[in-house]
Amino acid sequence: MSTPTSPKPEPSAPAAAAVPAPATWQLSILTVWHPALGMAVDPVAVLALDTAPEADPAQYVVWVPMVYDDANPWRERLAEGVTPQKVARWQEENGVCQLSPTEVPEEATDLRHAAELVLDQLLAEVIPALPPRDGA
């Protein structure tokens, strides 16, 4: 018995081209204080904003799993509303909560997808490299 093969695309069919992310997209990694390191480098979420006038969604937040309590300072800030002016101010602040702008992944298909791709990278590369929060 033979295994059926997948249909091959027609040679004349155009390949799906990657669409560049709009210039209005902004991605930021939200971090909180990491007690073992003594710095605000512990990622708790990715904030994605689209500053276009009729953007849908205009903002999207994807949270790192299992950090609910650690992320409370950011939950409180975001509950007050997010504006480009607040994001600019948060970028300048130092302390327990920090916001770090990051690149929009080239393969992102929409704002939500862009945030989820950044979160995937944090979960795969950054978070495993951090020491335990208790310093052990």
# chains A, B, ... in the order shown; residues from 1 in each chain; ligands from 1
$ select_by_dssp --residues "region 1-134 of chain A" --states "strand (DSSP E or B)" --output "PyMOL selection string"
chain A and resi 25-34+39-50+59-63+97-102
$ residues_around --residues "region 73-80 of chain A" --least-positions-apart "2" --cutoff "8 Å" --atoms "only C-alpha atoms" --output "PyMOL selection string"
chain A and resi 30+32+70-71+82+97
$ closest_residue --among "A:Leu130, A:Val87, A:Ala55, A:Ala115" --to "Asp42 (chain A)" --atoms "only C-alpha atoms"
A:Leu130
$ select_by_dssp --residues "chain A" --states "alpha helix (DSSP H)" --output "MDAnalysis selection string"
chainID A and resid 72:79 84:92 111:121
$ residues_around --residues "region 122-128 of chain A" --least-positions-apart "4" --cutoff "10 Å" --atoms "only C-alpha atoms" --output "JSON, numbers by chain"
{"A": [29, 41, 42, 43, 44, 45, 46, 64, 65, 116, 117, 118, 132]}
$ write_last_selection --atoms "N, CA, C and O atoms" --output "compact mmCIF listing (two decimals), in the first residue's frame"
# COMPACT_ATOMS: atom_id res chain seq x y z
N ILE A 29 8.60 44.63 26.03
CA ILE A 29 8.65 43.58 27.04
C ILE A 29 8.50 44.26 28.39
O ILE A 29 9.22 45.21 28.70
N VAL A 41 14.60 42.66 35.49
CA VAL A 41 14.85 41.94 34.24
C VAL A 41 13.98 40.70 34.09
O VAL A 41 14.17 39.91 33.16
N ASP A 42 13.01 40.53 34.95
CA ASP A 42 12.15 39.35 34.92
C ASP A 42 10.93 39.63 34.04
O ASP A 42 10.04 40.39 34.41
N PRO A 43 10.87 39.04 32.83
CA PRO A 43 9.76 39.34 31.93
C PRO A 43 8.44 38.74 32.42
O PRO A 43 8.41 37.59 32.83
N VAL A 44 7.39 39.57 32.40
CA VAL A 44 6.08 39.09 32.82
C VAL A 44 5.03 39.22 31.71
O VAL A 44 3.97 38.61 31.80
N ALA A 45 5.33 40.01 30.68
CA ALA A 45 4.34 40.19 29.61
C ALA A 45 4.98 40.87 28.40
O ALA A 45 6.07 41.43 28.49
N VAL A 46 4.24 40.80 27.29
CA VAL A 46 4.60 41.54 26.08
C VAL A 46 3.41 42.45 25.76
O VAL A 46 2.27 41.99 25.69
N VAL A 64 3.21 36.15 30.52
CA VAL A 64 4.02 34.96 30.77
C VAL A 64 3.21 34.08 31.72
O VAL A 64 2.69 34.57 32.72
N PRO A 65 3.09 32.79 31.42
CA PRO A 65 2.32 31.91 32.32
C PRO A 65 2.97 31.81 33.70
O PRO A 65 4.19 31.91 33.84
N GLU A 116 2.78 37.33 20.46
CA GLU A 116 2.93 35.91 20.81
C GLU A 116 4.27 35.36 20.36
O GLU A 116 4.88 34.54 21.05
N LEU A 117 4.79 35.83 19.23
CA LEU A 117 6.11 35.39 18.78
C LEU A 117 7.20 35.87 19.74
O LEU A 117 8.14 35.13 20.05
N VAL A 118 7.07 37.10 20.22
CA VAL A 118 8.05 37.61 21.19
C VAL A 118 7.96 36.82 22.49
O VAL A 118 8.97 36.44 23.07
N PRO A 132 16.76 31.13 39.52
CA PRO A 132 15.49 31.11 40.28
C PRO A 132 15.31 32.42 41.03
O PRO A 132 16.27 33.05 41.45
$ residues_around --residues "Trp25 (chain A)" --least-positions-apart "3" --cutoff "8 Å" --atoms "only C-alpha atoms" --output "JSON, numbers by chain"
{"A": [21, 22, 48, 49, 50, 51, 104, 111]}
$ closest_residue --among "A:Pro57, A:Pro131, A:Pro35, A:Gly95" --to "Arg112 (chain A)" --atoms "only C-alpha atoms"
A:Pro57
